[in-house]
Amino acid sequence: LAFAGGLDLTTERWDTTGHQVRDKRRRMPNGALYRPHHDIQMMVSGRPAQSLGTYFRYHWKLATGKDLPAVTPPPASDENWPRMVEVDAADCRIGIARTRPAYKGEPEIHEVEQLYLAAIEKAESYIYIENQYLTSLNITRALVRRLQDENGPEVIIVLPYSTDGWLSQYTMDILRAQAIKALYEADTRNRLGILYAHKEGLTGDDTIKIHSKLMIVDDRFVRIGSSNLNNRSMGFDTECDLALEAERNDNAGKAIEHLRNRLLGEHMGVTPADVRKAVGRSGSLLRAIAELRGNSRSLEKLEVAFDSTAAFIAEEQDLFDPDRPIEPEVFASHWLPLEKLQKDRFRFIQLTVLLLLLLGGALAWQFTSLQEYLSVDSVKEAVVFLQNSDLAILYIIGAYAAGSLLVVPITVLITLTVLVYGMYKGFLLALLGSVISGIITYWLGRILGRDFVRSLAGNKLSALSHKLGRRGILSTFIIRLMPIAPYSVVNVVAGASHIRFIDFVIGTVLGLMPGILAISGLVDRGYALVKNPDFITISSAVGVFAGVVLAFYFIQKKLRLRKE
């Protein structure tokens, strides 16, 4: 007996087909309830189960170096079949489709993608899909072609209203908006339905989570497995799907049709028989779904938006949803190719300079009065001097300017500023210093010129330059909130790009303020907690931490592109 499908063994997976609004059995280890979860497994026995066992043991050996003993099959293939589970189809051939990247000398396998493309190409009447994601470029293109065919099939895709977690919503949900936009543009004959599972009492992020990975075509082909419709499942991850084609087996064809009716009946709150009759009356899955609406459960149109922010994320799809593993050396050269600087010699010079600095520092510590200046007392005296000095602003500007040229992480400078000057004054001085250091490195990039910066930055940061130039304020703001490169590097690239100086300054100020405010609050309360851990200090520290979390949650909610 063997299983394949979307149900990985972790939390937030158990549910019933009723998907009750508040089912107390749907509980996390900490006692919290989680949203309804919809998923699908295929259970097989006989030769398909033996083949899956062989494949599993092969991967176990590849991953651990250890052999698992083979399972001796029972005399009859149905001996292990659970008595409470009805057999949908018997005596059928089951196909196994895999994705496997090249690993330890083993060749890559792309059967999952090949089977998806073949099934889409052969569809005549309809394609019914349930999946967690929809970001695969090749799958999207194949569906677009079929929607453009004069006599192509209906395409019904059931997706989650939104994926779990802010990172996925920032990336995968935005990338799927790109795919959905392309599909709707291709649907000139009204044969497309992109839907989510609606249930009364559930809204927004609490709607039924679609985690299944299923495709049914023309009542004659079904596949169920682990593969999502994203690029990762086509070549980056290890996936395994099971497929059944009716061929000339009426038993299998009826089982596939019944599975389709069961699924649509579950989503629409009706019986499989109701679905079968509605499809028979209209001759269309889309019209049947429209006819069956009106219950407490239904499939509703998934509305998405696609604006300049979505385009900004979509252009980095190979980063968020790669279709192939990337070797570390290739990844590094892709981001920072230094061929024009003769990288081997350049690295040797870097290492030599570093060793000389370390050696010089050690000699200075040993034979000069440097130890006296860096004692605990001297540091305290320096802090008091900085706090009381009328030239604090000049010191801060100088420190941030030097730090930007030396590519010192901006968060380190902000933290030290808050520790010295406190939360409020530290926030203002850190913001001022960060903006001025940004301006300095911006003009450094402007002086060096675009060609020189491109030779250092490579393809990725050159692409960043174009993004900054096209959407100056917005792009700078987003990059400050979600930094994709060191602060000083982004500033230099911005200076060498087409971005206007005023757009750069405005985007920098707006983008830095939330982060600096959060760091200021956390550092100030953390320092107070160490000095005086009483009830008031602890309460204020917890309050600041909660405020930071809620603030960034609010920001990411505002930036999300799907309509609530």
# chains A, B, ... in the order shown; residues from 1 in each chain; ligands from 1
$ residues_around --residues "A:Ser45" --least-positions-apart "6" --cutoff "12 Å" --atoms "only C-alpha atoms" --output "VMD selection string"
chain A and resid 1 to 4 51 to 53 73 to 82 87 89 to 94
$ atom_distance --atom1 "atom CA of A:Ile129" --atom2 "atom CA of A:Leu115"
13.9 Å
$ closest_residue --among "A:Ala401, A:Leu7, A:Ala518, A:Val490" --to "A:Thr415" --atoms "only C-alpha atoms"
A:Ala518
$ select_by_dssp --residues "stretch 135-169 of chain A" --states "helix (DSSP H, G or I)" --output "list in words"
Leu137, Asn138, Ile139, Thr140, Arg141, Ala142, Leu143, Val144, Arg145, Arg146, Leu147, Gln148, Trp166, Leu167, Ser168 and Gln169 of chain A
$ atom_distance --atom1 "atom CA of A:Gly5" --atom2 "atom CA of A:Asn131"
11.3 Å
$ atom_distance --atom1 "atom CA of A:Glu300" --atom2 "atom CA of A:Ile157"
11.0 Å
$ closest_residue --among "A:Val418, A:Ala142, A:Val71, A:Leu242" --to "A:Leu522" --atoms "only C-alpha atoms"
A:Val418
$ closest_atom_pairs --of "stretch 218-325 of chain A" --to "stretch 38-43 of chain A" --cutoff "12 Å" --atoms "only C-alpha atoms" --output "Markdown table"
| residue | atom | partner | partner_atom | distance |
| --- | --- | --- | --- | --- |
| A:Val222 | CA | A:Met42 | CA | 10.5 |
| A:Arg223 | CA | A:Met42 | CA | 9.0 |
| A:Ile224 | CA | A:Met42 | CA | 6.4 |
| A:Gly225 | CA | A:Gln41 | CA | 7.0 |
| A:Ser226 | CA | A:Gln41 | CA | 9.0 |
| A:Ser227 | CA | A:Ile40 | CA | 12.0 |
| A:Cys240 | CA | A:Met42 | CA | 11.5 |
| A:Asp241 | CA | A:Met42 | CA | 9.2 |
| A:Leu242 | CA | A:Met42 | CA | 7.4 |
| A:Ala243 | CA | A:Met42 | CA | 9.3 |
| A:Leu244 | CA | A:Met42 | CA | 10.4 |
| A:Leu259 | CA | A:Ile40 | CA | 10.9 |
| A:Arg262 | CA | A:Ile40 | CA | 11.9 |
| A:Leu263 | CA | A:Ile40 | CA | 9.9 |
| A:Glu266 | CA | A:His38 | CA | 10.1 |
| A:His267 | CA | A:His38 | CA | 9.8 |
$ write_last_selection --atoms "N, CA, C and O atoms" --output "PDB file, in the first residue's frame"
ATOM      1  N   VAL A 222      -6.434  11.736 -14.962  1.00  0.00           N
ATOM      2  CA  VAL A 222      -6.312  12.406 -13.673  1.00  0.00           C
ATOM      3  C   VAL A 222      -4.885  12.216 -13.169  1.00  0.00           C
ATOM      4  O   VAL A 222      -4.285  11.151 -13.353  1.00  0.00           O
ATOM      5  N   ARG A 223      -4.352  13.254 -12.562  1.00  0.00           N
ATOM      6  CA  ARG A 223      -3.057  13.152 -11.901  1.00  0.00           C
ATOM      7  C   ARG A 223      -3.188  13.776 -10.521  1.00  0.00           C
ATOM      8  O   ARG A 223      -3.810  14.824 -10.332  1.00  0.00           O
ATOM      9  N   ILE A 224      -2.584  13.111  -9.534  1.00  0.00           N
ATOM     10  CA  ILE A 224      -2.581  13.577  -8.145  1.00  0.00           C
ATOM     11  C   ILE A 224      -1.181  13.352  -7.608  1.00  0.00           C
ATOM     12  O   ILE A 224      -0.598  12.285  -7.808  1.00  0.00           O
ATOM     13  N   GLY A 225      -0.628  14.353  -6.950  1.00  0.00           N
ATOM     14  CA  GLY A 225       0.721  14.167  -6.432  1.00  0.00           C
ATOM     15  C   GLY A 225       1.184  15.324  -5.589  1.00  0.00           C
ATOM     16  O   GLY A 225       0.388  16.017  -4.946  1.00  0.00           O
ATOM     17  N   SER A 226       2.489  15.546  -5.617  1.00  0.00           N
ATOM     18  CA  SER A 226       3.110  16.560  -4.757  1.00  0.00           C
ATOM     19  C   SER A 226       3.472  17.829  -5.507  1.00  0.00           C
ATOM     20  O   SER A 226       3.871  18.816  -4.884  1.00  0.00           O
ATOM     21  N   SER A 227       3.359  17.840  -6.831  1.00  0.00           N
ATOM     22  CA  SER A 227       3.913  18.950  -7.619  1.00  0.00           C
ATOM     23  C   SER A 227       2.959  20.134  -7.677  1.00  0.00           C
ATOM     24  O   SER A 227       1.778  19.993  -8.013  1.00  0.00           O
ATOM     25  N   CYS A 240       6.823  13.882  -6.973  1.00  0.00           N
ATOM     26  CA  CYS A 240       6.321  12.586  -7.441  1.00  0.00           C
ATOM     27  C   CYS A 240       4.806  12.655  -7.572  1.00  0.00           C
ATOM     28  O   CYS A 240       4.100  12.937  -6.587  1.00  0.00           O
ATOM     29  N   ASP A 241       4.292  12.448  -8.783  1.00  0.00           N
ATOM     30  CA  ASP A 241       2.854  12.445  -9.049  1.00  0.00           C
ATOM     31  C   ASP A 241       2.435  11.069  -9.565  1.00  0.00           C
ATOM     32  O   ASP A 241       3.223  10.371 -10.235  1.00  0.00           O
ATOM     33  N   LEU A 242       1.200  10.699  -9.290  1.00  0.00           N
ATOM     34  CA  LEU A 242       0.596   9.499  -9.855  1.00  0.00           C
ATOM     35  C   LEU A 242      -0.453   9.912 -10.877  1.00  0.00           C
ATOM     36  O   LEU A 242      -1.183  10.888 -10.662  1.00  0.00           O
ATOM     37  N   ALA A 243      -0.541   9.179 -11.975  1.00  0.00           N
ATOM     38  CA  ALA A 243      -1.482   9.526 -13.039  1.00  0.00           C
ATOM     39  C   ALA A 243      -2.239   8.287 -13.488  1.00  0.00           C
ATOM     40  O   ALA A 243      -1.701   7.174 -13.512  1.00  0.00           O
ATOM     41  N   LEU A 244      -3.501   8.507 -13.847  1.00  0.00           N
ATOM     42  CA  LEU A 244      -4.365   7.427 -14.338  1.00  0.00           C
ATOM     43  C   LEU A 244      -5.055   7.912 -15.603  1.00  0.00           C
ATOM     44  O   LEU A 244      -5.677   8.981 -15.616  1.00  0.00           O
ATOM     45  N   LEU A 259     -14.842  11.316  -9.443  1.00  0.00           N
ATOM     46  CA  LEU A 259     -13.933  12.129  -8.632  1.00  0.00           C
ATOM     47  C   LEU A 259     -14.162  13.613  -8.926  1.00  0.00           C
ATOM     48  O   LEU A 259     -14.219  14.443  -7.996  1.00  0.00           O
ATOM     49  N   ARG A 262     -17.363  14.620  -7.251  1.00  0.00           N
ATOM     50  CA  ARG A 262     -17.192  14.688  -5.788  1.00  0.00           C
ATOM     51  C   ARG A 262     -16.507  15.987  -5.383  1.00  0.00           C
ATOM     52  O   ARG A 262     -16.921  16.655  -4.426  1.00  0.00           O
ATOM     53  N   LEU A 263     -15.450  16.348  -6.105  1.00  0.00           N
ATOM     54  CA  LEU A 263     -14.700  17.560  -5.767  1.00  0.00           C
ATOM     55  C   LEU A 263     -15.553  18.811  -5.969  1.00  0.00           C
ATOM     56  O   LEU A 263     -15.622  19.683  -5.088  1.00  0.00           O
ATOM     57  N   GLU A 266     -18.221  18.952  -3.332  1.00  0.00           N
ATOM     58  CA  GLU A 266     -17.685  19.428  -2.048  1.00  0.00           C
ATOM     59  C   GLU A 266     -17.550  20.940  -2.042  1.00  0.00           C
ATOM     60  O   GLU A 266     -17.953  21.613  -1.084  1.00  0.00           O
ATOM     61  N   HIS A 267     -16.990  21.502  -3.120  1.00  0.00           N
ATOM     62  CA  HIS A 267     -16.774  22.951  -3.171  1.00  0.00           C
ATOM     63  C   HIS A 267     -18.088  23.728  -3.261  1.00  0.00           C
ATOM     64  O   HIS A 267     -18.179  24.856  -2.739  1.00  0.00           O
TER      65      HIS A 267
END
$ residues_around --residues "A:Thr188" --least-positions-apart "5" --cutoff "12 Å" --atoms "only C-alpha atoms" --output "PyMOL selection string"
chain A and resi 144-150+152+154+182-183
$ write_last_selection --atoms "C-alpha atoms" --output "mmCIF file, in the first residue's frame"
data_model
loop_
_atom_site.group_PDB
_atom_site.id
_atom_site.type_symbol
_atom_site.label_atom_id
_atom_site.label_comp_id
_atom_site.auth_asym_id
_atom_site.auth_seq_id
_atom_site.Cartn_x
_atom_site.Cartn_y
_atom_site.Cartn_z
ATOM 1 C CA VAL A 144 -2.657 30.477 -22.849
ATOM 2 C CA ARG A 145 -2.192 28.624 -26.147
ATOM 3 C CA ARG A 146 -5.202 26.369 -25.454
ATOM 4 C CA LEU A 147 -7.393 29.319 -24.485
ATOM 5 C CA GLN A 148 -6.452 30.968 -27.781
ATOM 6 C CA ASP A 149 -7.373 27.832 -29.768
ATOM 7 C CA GLU A 150 -10.693 28.307 -31.538
ATOM 8 C CA GLY A 152 -9.910 24.702 -27.141
ATOM 9 C CA GLU A 154 -12.589 25.120 -20.795
ATOM 10 C CA ALA A 182 -1.870 36.526 -18.980
ATOM 11 C CA LEU A 183 -4.632 33.896 -18.841
#
$ residues_around --residues "A:Arg27" --least-positions-apart "2" --cutoff "12 Å" --atoms "only C-alpha atoms" --output "list in words"
Thr11, Glu12, Arg13, Trp14, Asp15, Arg22, Asp23, Lys24, Arg25, Pro29, Asn30, Gly31, Ala32, Leu33, Tyr34, Arg35, Pro36 and His37 of chain A
$ select_by_dssp --residues "stretch 211-261 of chain A" --states "strand (DSSP E)" --output "VMD selection string"
chain A and resid 214 to 217 221 to 225 239 to 245
$ closest_residue --among "A:Phe221, A:Phe501, A:Tyr421, A:Tyr196" --to "A:Ala255" --atoms "only C-alpha atoms"
A:Phe221
